[in-house]
Structure formats: structure tokens, C-alpha cells
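Here is data.cif, consisting of mmCIF, C-alpha atoms, pLDDT in the B column; chains and numbers go by the auth columns:
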data_work
loop_
_atom_site.group_PDB
_atom_site.id
_atom_site.type_symbol
_atom_site.label_atom_id
_atom_site.label_comp_id
_atom_site.label_asym_id
_atom_site.label_seq_id
_atom_site.Cartn_x
_atom_site.Cartn_y
_atom_site.Cartn_z
_atom_site.B_iso_or_equiv
_atom_site.auth_seq_id
_atom_site.auth_asym_id
ATOM 1 C CA ILE A 1 16.787 3.491 23.061 94.00 1 A
ATOM 2 C CA ILE A 2 15.950 0.962 20.330 92.00 2 A
ATOM 3 C CA GLY A 3 12.497 -0.625 20.608 84.00 3 A
ATOM 4 C CA PRO A 4 10.250 -1.931 22.050 87.00 4 A
ATOM 5 C CA VAL A 5 8.421 -3.687 19.216 82.00 5 A
ATOM 6 C CA HIS A 6 4.740 -3.364 20.135 83.00 6 A
ATOM 7 C CA SER A 7 3.080 0.014 19.536 80.00 7 A
ATOM 8 C CA ALA A 8 1.475 0.305 23.000 84.00 8 A
ATOM 9 C CA ASN A 9 4.772 -0.269 24.804 90.00 9 A
ATOM 10 C CA LEU A 10 6.622 1.906 22.313 90.00 10 A
ATOM 11 C CA SER A 11 4.286 4.812 23.082 88.00 11 A
ATOM 12 C CA ILE A 12 4.976 4.506 26.839 92.00 12 A
ATOM 13 C CA VAL A 13 8.754 4.353 26.384 93.00 13 A
ATOM 14 C CA ALA A 14 8.766 7.194 23.823 92.00 14 A
ATOM 15 C CA SER A 15 6.753 9.472 26.107 92.00 15 A
ATOM 16 C CA TYR A 16 9.065 8.810 29.065 94.00 16 A
ATOM 17 C CA ALA A 17 12.274 9.123 27.027 94.00 17 A
ATOM 18 C CA GLY A 18 11.021 12.218 25.196 93.00 18 A
ATOM 19 C CA ASN A 19 10.642 14.099 28.467 93.00 19 A
ATOM 20 C CA LEU A 20 14.329 13.368 29.128 95.00 20 A
ATOM 21 C CA GLY A 21 15.444 14.249 25.588 95.00 21 A
ATOM 22 C CA ILE A 22 16.383 10.641 24.780 96.00 22 A
ATOM 23 C CA PRO A 23 15.868 9.544 21.151 95.00 23 A
ATOM 24 C CA VAL A 24 13.885 6.326 20.655 94.00 24 A
ATOM 25 C CA VAL A 25 14.114 4.268 17.441 93.00 25 A
ATOM 26 C CA SER A 26 11.410 1.817 16.411 89.00 26 A
ATOM 27 C CA PRO A 27 13.138 -0.997 14.465 85.00 27 A
ATOM 28 C CA VAL A 28 9.983 -2.483 12.912 80.00 28 A
ATOM 29 C CA GLN A 29 7.083 -1.260 10.794 72.00 29 A
ATOM 30 C CA LEU A 30 4.060 -0.122 12.822 71.00 30 A
ATOM 31 C CA ASN A 31 0.406 -0.877 12.063 64.00 31 A
ATOM 32 C CA ASN A 32 -0.349 2.845 12.058 64.00 32 A
ATOM 33 C CA ASN A 33 1.328 6.188 12.639 69.00 33 A
ATOM 34 C CA SER A 34 -0.670 7.350 15.670 75.00 34 A
ATOM 35 C CA VAL A 35 2.156 6.502 18.088 80.00 35 A
ATOM 36 C CA LEU A 36 4.408 8.997 16.253 81.00 36 A
ATOM 37 C CA GLU A 37 2.188 12.012 16.934 83.00 37 A
ATOM 38 C CA ASN A 38 3.660 14.698 19.191 87.00 38 A
ATOM 39 C CA LYS A 39 6.824 12.661 19.820 89.00 39 A
ATOM 40 C CA PRO A 40 9.726 14.531 18.171 91.00 40 A
ATOM 41 C CA PHE A 41 12.278 12.153 19.747 93.00 41 A
ATOM 42 C CA LEU A 42 10.665 9.021 18.260 92.00 42 A
ATOM 43 C CA PHE A 43 12.087 7.807 14.957 90.00 43 A
ATOM 44 C CA MET A 44 11.161 5.019 12.546 85.00 44 A
ATOM 45 C CA ALA A 45 13.903 2.755 11.151 82.00 45 A
ATOM 46 C CA GLY A 46 11.659 1.965 8.179 78.00 46 A
ATOM 47 C CA SER A 47 8.857 3.826 6.443 79.00 47 A
ATOM 48 C CA THR A 48 5.233 3.276 7.445 80.00 48 A
ATOM 49 C CA LEU A 49 2.419 2.001 5.246 85.00 49 A
ATOM 50 C CA GLU A 50 1.242 5.588 4.841 86.00 50 A
ATOM 51 C CA VAL A 51 4.340 6.317 2.738 87.00 51 A
ATOM 52 C CA ALA A 52 3.364 3.573 0.276 90.00 52 A
ATOM 53 C CA GLN A 53 -0.247 4.785 0.272 93.00 53 A
ATOM 54 C CA ASN A 54 0.887 8.304 -0.614 93.00 54 A
ATOM 55 C CA ALA A 55 3.021 6.949 -3.453 94.00 55 A
ATOM 56 C CA ILE A 56 0.131 4.874 -4.823 95.00 56 A
ATOM 57 C CA ALA A 57 -2.261 7.825 -4.532 95.00 57 A
ATOM 58 C CA ARG A 58 0.120 10.054 -6.493 95.00 58 A
ATOM 59 C CA ARG A 59 0.424 7.376 -9.171 95.00 59 A
ATOM 60 C CA MET A 60 -3.367 7.305 -9.579 95.00 60 A
ATOM 61 C CA GLY A 61 -3.059 10.680 -11.285 92.00 61 A
ATOM 62 C CA ASP A 62 -1.779 8.710 -14.298 94.00 62 A
ATOM 63 C CA TYR A 63 -5.010 6.673 -14.356 94.00 63 A
ATOM 64 C CA GLN A 64 -7.581 9.451 -14.058 91.00 64 A
ATOM 65 C CA THR A 65 -9.790 8.010 -16.809 91.00 65 A
ATOM 66 C CA SER A 66 -9.755 4.503 -15.308 95.00 66 A
ATOM 67 C CA ASN A 67 -12.195 2.744 -13.034 95.00 67 A
ATOM 68 C CA ILE A 68 -10.405 2.351 -9.675 96.00 68 A
ATOM 69 C CA VAL A 69 -11.333 -0.417 -7.235 96.00 69 A
ATOM 70 C CA LEU A 70 -9.950 -0.769 -3.699 95.00 70 A
ATOM 71 C CA ILE A 71 -10.084 -4.303 -2.286 94.00 71 A
ATOM 72 C CA HIS A 72 -9.778 -4.573 1.487 92.00 72 A
ATOM 73 C CA SER A 73 -10.966 -6.573 4.459 89.00 73 A
ATOM 74 C CA GLY A 74 -13.901 -5.538 6.597 81.00 74 A
ATOM 75 C CA SER A 75 -11.953 -5.252 9.849 83.00 75 A
ATOM 76 C CA ASP A 76 -12.572 -2.088 11.875 81.00 76 A
ATOM 77 C CA GLU A 77 -8.897 -1.122 11.840 76.00 77 A
ATOM 78 C CA GLU A 78 -8.571 -1.543 8.085 83.00 78 A
ATOM 79 C CA LEU A 79 -11.835 0.281 7.345 82.00 79 A
ATOM 80 C CA GLU A 80 -10.548 3.350 9.185 80.00 80 A
ATOM 81 C CA ASP A 81 -7.297 3.173 7.242 85.00 81 A
ATOM 82 C CA ILE A 82 -9.125 2.753 3.921 91.00 82 A
ATOM 83 C CA SER A 83 -11.125 5.915 4.556 90.00 83 A
ATOM 84 C CA LYS A 84 -7.877 7.912 4.816 91.00 84 A
ATOM 85 C CA PHE A 85 -6.426 6.178 1.770 94.00 85 A
ATOM 86 C CA ARG A 86 -9.554 6.941 -0.290 94.00 86 A
ATOM 87 C CA ASN A 87 -9.209 10.608 0.602 94.00 87 A
ATOM 88 C CA MET A 88 -5.564 10.587 -0.528 95.00 88 A
ATOM 89 C CA ILE A 89 -6.609 9.223 -3.930 96.00 89 A
ATOM 90 C CA LEU A 90 -9.582 11.568 -4.250 95.00 90 A
ATOM 91 C CA ASN A 91 -7.391 14.570 -3.413 94.00 91 A
ATOM 92 C CA GLU A 92 -4.887 13.548 -6.071 93.00 92 A
ATOM 93 C CA LEU A 93 -7.518 12.953 -8.754 94.00 93 A
ATOM 94 C CA SER A 94 -9.425 16.154 -7.947 92.00 94 A
ATOM 95 C CA TYR A 95 -6.450 18.123 -9.280 89.00 95 A
ATOM 96 C CA LYS A 96 -6.777 16.324 -12.610 88.00 96 A
ATOM 97 C CA MET A 97 -10.516 16.134 -13.250 90.00 97 A
ATOM 98 C CA PRO A 98 -13.960 17.226 -11.967 90.00 98 A
ATOM 99 C CA PHE A 99 -14.854 15.454 -8.736 88.00 99 A
ATOM 100 C CA GLU A 100 -18.111 14.040 -10.148 87.00 100 A
ATOM 101 C CA GLU A 101 -16.204 12.251 -12.939 90.00 101 A
ATOM 102 C CA ILE A 102 -13.933 10.308 -10.553 92.00 102 A
ATOM 103 C CA ARG A 103 -14.687 6.584 -10.572 93.00 103 A
ATOM 104 C CA LEU A 104 -13.455 5.158 -7.286 94.00 104 A
ATOM 105 C CA ARG A 105 -15.165 2.394 -5.370 92.00 105 A
ATOM 106 C CA ASP A 106 -14.124 0.020 -2.633 90.00 106 A
ATOM 107 C CA MET A 107 -15.019 -3.622 -2.261 91.00 107 A
ATOM 108 C CA VAL A 108 -14.904 -5.578 0.977 90.00 108 A
ATOM 109 C CA PHE A 109 -13.161 -8.911 0.521 88.00 109 A
ATOM 110 C CA TYR A 110 -15.015 -12.118 1.322 82.00 110 A
ATOM 111 C CA SER A 111 -13.242 -15.447 0.975 76.00 111 A
ATOM 112 C CA ARG A 112 -14.360 -18.184 -1.397 69.00 112 A
ATOM 113 C CA SER A 113 -15.444 -20.168 1.654 67.00 113 A
ATOM 114 C CA VAL A 114 -18.157 -17.520 2.141 63.00 114 A
ATOM 115 C CA PHE A 115 -19.187 -16.724 -1.421 61.00 115 A
ATOM 116 C CA GLY A 116 -17.779 -19.639 -3.398 58.00 116 A
ATOM 117 C CA SER A 117 -17.602 -18.907 -7.130 58.00 117 A
ATOM 118 C CA ASP A 118 -19.577 -15.685 -6.559 62.00 118 A
ATOM 119 C CA SER A 119 -16.394 -14.190 -5.092 67.00 119 A
ATOM 120 C CA ILE A 120 -14.907 -13.596 -8.542 79.00 120 A
ATOM 121 C CA ASN A 121 -18.303 -12.501 -9.917 84.00 121 A
ATOM 122 C CA ARG A 122 -18.503 -9.721 -7.317 86.00 122 A
ATOM 123 C CA LEU A 123 -15.192 -8.386 -8.551 89.00 123 A
ATOM 124 C CA ALA A 124 -16.241 -8.659 -12.209 91.00 124 A
ATOM 125 C CA HIS A 125 -19.308 -6.527 -11.498 90.00 125 A
ATOM 126 C CA ALA A 126 -17.065 -3.812 -10.045 91.00 126 A
ATOM 127 C CA LEU A 127 -14.970 -3.615 -13.230 93.00 127 A
ATOM 128 C CA SER A 128 -15.601 -1.810 -16.507 92.00 128 A
ATOM 129 C CA ASP A 129 -15.192 -3.313 -19.977 89.00 129 A
ATOM 130 C CA ARG A 130 -15.326 0.145 -21.577 89.00 130 A
ATOM 131 C CA THR A 131 -12.391 1.792 -19.781 91.00 131 A
ATOM 132 C CA GLY A 132 -9.201 0.694 -18.126 93.00 132 A
ATOM 133 C CA ASN A 133 -9.369 -0.618 -14.569 96.00 133 A
ATOM 134 C CA VAL A 134 -7.006 -0.116 -11.660 97.00 134 A
ATOM 135 C CA ILE A 135 -7.234 -2.618 -8.829 97.00 135 A
ATOM 136 C CA ILE A 136 -5.510 -1.756 -5.571 97.00 136 A
ATOM 137 C CA ILE A 137 -5.292 -4.644 -3.119 95.00 137 A
ATOM 138 C CA ALA A 138 -5.328 -2.377 -0.084 94.00 138 A
ATOM 139 C CA SER A 139 -4.652 -4.959 2.591 92.00 139 A
ATOM 140 C CA GLU A 140 -1.716 -6.836 4.066 88.00 140 A
ATOM 141 C CA ASP A 141 -3.921 -9.660 5.292 90.00 141 A
ATOM 142 C CA THR A 142 -2.650 -12.869 3.661 90.00 142 A
ATOM 143 C CA PRO A 143 -6.021 -14.360 2.557 89.00 143 A
ATOM 144 C CA VAL A 144 -7.108 -11.000 1.104 91.00 144 A
ATOM 145 C CA MET A 145 -3.909 -10.645 -0.898 93.00 145 A
ATOM 146 C CA SER A 146 -3.613 -14.220 -2.193 91.00 146 A
ATOM 147 C CA GLU A 147 -7.274 -14.836 -3.080 90.00 147 A
ATOM 148 C CA SER A 148 -7.675 -11.369 -4.601 92.00 148 A
ATOM 149 C CA LEU A 149 -4.649 -11.899 -6.832 93.00 149 A
ATOM 150 C CA THR A 150 -6.047 -15.238 -7.981 91.00 150 A
ATOM 151 C CA ASN A 151 -9.448 -13.680 -8.764 91.00 151 A
ATOM 152 C CA VAL A 152 -7.909 -10.721 -10.556 94.00 152 A
ATOM 153 C CA HIS A 153 -5.739 -13.041 -12.640 93.00 153 A
ATOM 154 C CA GLY A 154 -8.840 -14.980 -13.642 91.00 154 A
ATOM 155 C CA LEU A 155 -10.408 -11.775 -14.996 93.00 155 A
ATOM 156 C CA SER A 156 -7.298 -10.352 -16.664 92.00 156 A
ATOM 157 C CA ARG A 157 -8.153 -11.753 -20.104 90.00 157 A
ATOM 158 C CA LYS A 158 -11.577 -10.133 -20.115 92.00 158 A
ATOM 159 C CA PHE A 159 -10.697 -6.730 -18.642 95.00 159 A
ATOM 160 C CA ASN A 160 -7.949 -4.169 -19.124 94.00 160 A
ATOM 161 C CA LEU A 161 -6.275 -4.210 -15.697 95.00 161 A
ATOM 162 C CA ASN A 162 -3.488 -2.524 -13.766 96.00 162 A
ATOM 163 C CA VAL A 163 -2.832 -4.011 -10.328 97.00 163 A
ATOM 164 C CA PHE A 164 -1.162 -2.418 -7.292 97.00 164 A
ATOM 165 C CA GLY A 165 -0.362 -3.863 -3.876 94.00 165 A
ATOM 166 C CA TYR A 166 0.937 -2.901 -0.454 93.00 166 A
ATOM 167 C CA PRO A 167 4.551 -3.664 0.621 89.00 167 A
ATOM 168 C CA GLY A 168 3.421 -6.716 2.630 86.00 168 A
ATOM 169 C CA MET A 169 2.647 -8.506 -0.629 89.00 169 A
ATOM 170 C CA ARG A 170 6.381 -9.118 -1.059 86.00 170 A
ATOM 171 C CA TYR A 171 6.180 -11.764 1.663 84.00 171 A
ATOM 172 C CA LEU A 172 3.432 -13.878 0.083 86.00 172 A
ATOM 173 C CA ASP A 173 4.752 -17.408 -0.286 84.00 173 A
ATOM 174 C CA ASN A 174 1.577 -19.123 -1.465 81.00 174 A
ATOM 175 C CA ILE A 175 1.150 -17.345 -4.806 82.00 175 A
ATOM 176 C CA ASP A 176 2.602 -18.397 -8.165 84.00 176 A
ATOM 177 C CA HIS A 177 5.065 -15.745 -9.312 86.00 177 A
ATOM 178 C CA LYS A 178 3.770 -16.207 -12.856 90.00 178 A
ATOM 179 C CA VAL A 179 0.479 -14.666 -11.694 90.00 179 A
ATOM 180 C CA CYS A 180 2.352 -11.551 -10.551 90.00 180 A
ATOM 181 C CA PHE A 181 4.280 -11.291 -13.834 92.00 181 A
ATOM 182 C CA ASP A 182 1.159 -11.859 -15.932 92.00 182 A
ATOM 183 C CA LEU A 183 -0.619 -9.027 -14.117 93.00 183 A
ATOM 184 C CA GLY A 184 2.365 -6.671 -14.185 93.00 184 A
ATOM 185 C CA LEU A 185 1.816 -6.330 -10.450 94.00 185 A
ATOM 186 C CA MET A 186 3.224 -3.114 -8.991 95.00 186 A
ATOM 187 C CA ILE A 187 4.272 -3.436 -5.348 92.00 187 A
ATOM 188 C CA TYR A 188 5.513 -0.420 -3.434 85.00 188 A
ATOM 189 C CA SER A 189 8.489 -1.120 -1.191 80.00 189 A
ATOM 190 C CA PRO A 190 10.749 1.154 0.881 75.00 190 A
ATOM 191 C CA TYR A 191 13.724 -1.156 0.397 76.00 191 A
ATOM 192 C CA TRP A 192 14.529 -0.691 -3.286 81.00 192 A
ATOM 193 C CA ILE A 193 17.563 1.537 -3.808 86.00 193 A
ATOM 194 C CA ASP A 194 18.153 3.458 -7.045 89.00 194 A
ATOM 195 C CA TYR A 195 21.927 3.669 -7.314 94.00 195 A
ATOM 196 C CA LYS A 196 21.625 6.287 -10.079 94.00 196 A
ATOM 197 C CA GLN A 197 20.104 8.864 -7.714 94.00 197 A
ATOM 198 C CA GLN A 198 22.521 11.624 -6.755 96.00 198 A
ATOM 199 C CA ASP A 199 21.801 11.417 -3.013 94.00 199 A
ATOM 200 C CA ILE A 200 22.536 7.660 -3.040 94.00 200 A
ATOM 201 C CA ILE A 201 25.761 8.213 -4.987 96.00 201 A
ATOM 202 C CA GLN A 202 26.821 10.890 -2.481 97.00 202 A
ATOM 203 C CA PHE A 203 25.956 8.695 0.519 94.00 203 A
ATOM 204 C CA ASN A 204 28.016 5.774 -0.815 95.00 204 A
ATOM 205 C CA SER A 205 30.922 8.115 -1.577 96.00 205 A
ATOM 206 C CA ASP A 206 30.869 9.554 1.945 97.00 206 A
ATOM 207 C CA PHE A 207 30.616 6.076 3.484 95.00 207 A
ATOM 208 C CA ARG A 208 33.573 4.701 1.530 96.00 208 A
ATOM 209 C CA THR A 209 35.656 7.773 2.326 96.00 209 A
ATOM 210 C CA LYS A 210 35.105 7.338 6.076 94.00 210 A
ATOM 211 C CA PHE A 211 35.194 3.565 6.369 90.00 211 A
#

Spit out the file's structure as C-alpha cells when you get a sec.
Amino acid sequence: IIGPVHSANLSIVASYAGNLGIPVVSPVQLNNNSVLENKPFLFMAGSTLEVAQNAIARRMGDYQTSNIVLIHSGSDEELEDISKFRNMILNELSYKMPFEEIRLRDMVFYSRSVFGSDSINRLAHALSDRTGNVIIIASEDTPVMSESLTNVHGLSRKFNLNVFGYPGMRYLDNIDHKVCFDLGLMIYSPYWIDYKQQDIIQFNSDFRTKF
């Protein structure tokens, strides 16, 4: 069975099909992984956001001396997700340095319509001019992504910045690509294929042999 799309319906179908030993494939990315729990016959066609979060958290080990800021919305669903993501980063950094020396803070996003010019000032106060800064735009909400990128770009001449984003940032169509290039924006995506990897080479070889 392929689908359905919505998580609630997918959970019902997967539970029913699992009891009959029927595999179910979800063709779209889910908002969270909870529907996958205890369902060995349910498969994802694409990786979940948690995969990207794990990759970003592992990369933070390279920035252990930096000031790390998570930007996210204040929605209940995202706040719960951010708590798990924070723990991923803290676990990674705790292998590299004493826990009390870790500099990780999160900042709830408020649009310029709420704070006006103070929006960028709030972000500036969260940054350090003595060390490097890592900004993770930990949201796939369009206003959070686009306005945060604009604010970060405005501060990039004053602060030493590295910027990371979720996979959903690839679909932003209201941001100047020059901003992304100027920031050296790193976006994690499950769709990039490294054709130099041995498992990819082997897969392509097997495919061409058979077809």
C-alpha cells in the first residue's frame, strides 16, 4: 500500500495493514516520526527531518568553540521538536568539551510586523563579537526562514557567522540567492547523490546490468 498522505490516516492504515503483514510506504515527508513507532511494516520513501537534525548536530562538533543560536517559531509543535534537537546538539558537544562551557541558546522568531527594527537587534544581542557564531534556522515556516535569513545577512559584516538551515529552505522562492551565497548557507537535503561513493557506484552498476 502506498499512502495515504496525512499522518493521522497513515497511522490507521499502517496499523491495519501491519496486522496482516502488508507493507505500507509513505511517499511524502512527515511532520514528525511518531507515526513510525512500533510499525515495522511502515516505510518512508524519503528521510524525515530528524535525519537532517542529526546531521546538523554532528556537524556542530566542528564548532565547539562557537556561540550557537537556534532560531525557531513559538508554535507548540515546533517547541517540542526544538527541545529534542537541542539535546542532540548538547549530546554531540558534550563529547568534545565540558558541559558548562557549551554556548547554546535558542531564540523565538518574531516578525518585523511585531518588533519592527528591533527584530534584527534581538538577534544581534544573541551573537558574540569575540568568537565565531553558528546560526541554525531551525524551522521550515516560510516567514521564519525568509526574515531570519534577511536579518542574518544584515549582521554578517559585523559578526563572524556560519549559517545552517533545514531541508525546507530549498523551496524558498522569495529570497535573493545572493544572500544565500554571501552567507555560505549550508542546507541539509536527502536528495543530493554523491556519485563517488562506492555504494552508489555499485547500485548504478547493478541497475544497468539488469535493465

List the residues selected by the PyMOL selection byres ((chain A and resi 161) around 6) in the file shown, writing them as a PDB file with C-alpha atoms, keeping the file's coordinate frame.
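Written output follows (expr.pdb):
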ATOM      1  CA  ASN A 133      -9.369  -0.618 -14.569  1.00 96.00           C
ATOM      2  CA  VAL A 134      -7.006  -0.116 -11.660  1.00 97.00           C
ATOM      3  CA  PHE A 159     -10.697  -6.730 -18.642  1.00 95.00           C
ATOM      4  CA  ASN A 160      -7.949  -4.169 -19.124  1.00 94.00           C
ATOM      5  CA  ASN A 162      -3.488  -2.524 -13.766  1.00 96.00           C
TER       6      ASN A 162
END

Given the file above and the PyMOL selection byres ((chain A and resi 28) around 9), which residues are selected, and can you give them as a PyMOL selection string? chain A and resi 3+5-6+26-27+29-30+44-46

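Take CA of Ser128 in chain A and CA of Leu172 in chain A: the distance between them is 28.0 Å.
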
As a check of understanding: the span from CA of Phe43 in chain A to CA of Lys196 in chain A is 26.8 Å

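Among the candidates A:Asp76, A:Met145, A:Arg157, A:His125, the residue lying nearest to Asp182 in chain A is A:Arg157 (atoms considered: all atoms listed in the file).
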
Residue nearest Ser148 in chain A - candidates A:Ser73, A:Asn19, A:Thr48, A:Thr209, atoms counted: only C-alpha atoms: A:Ser73
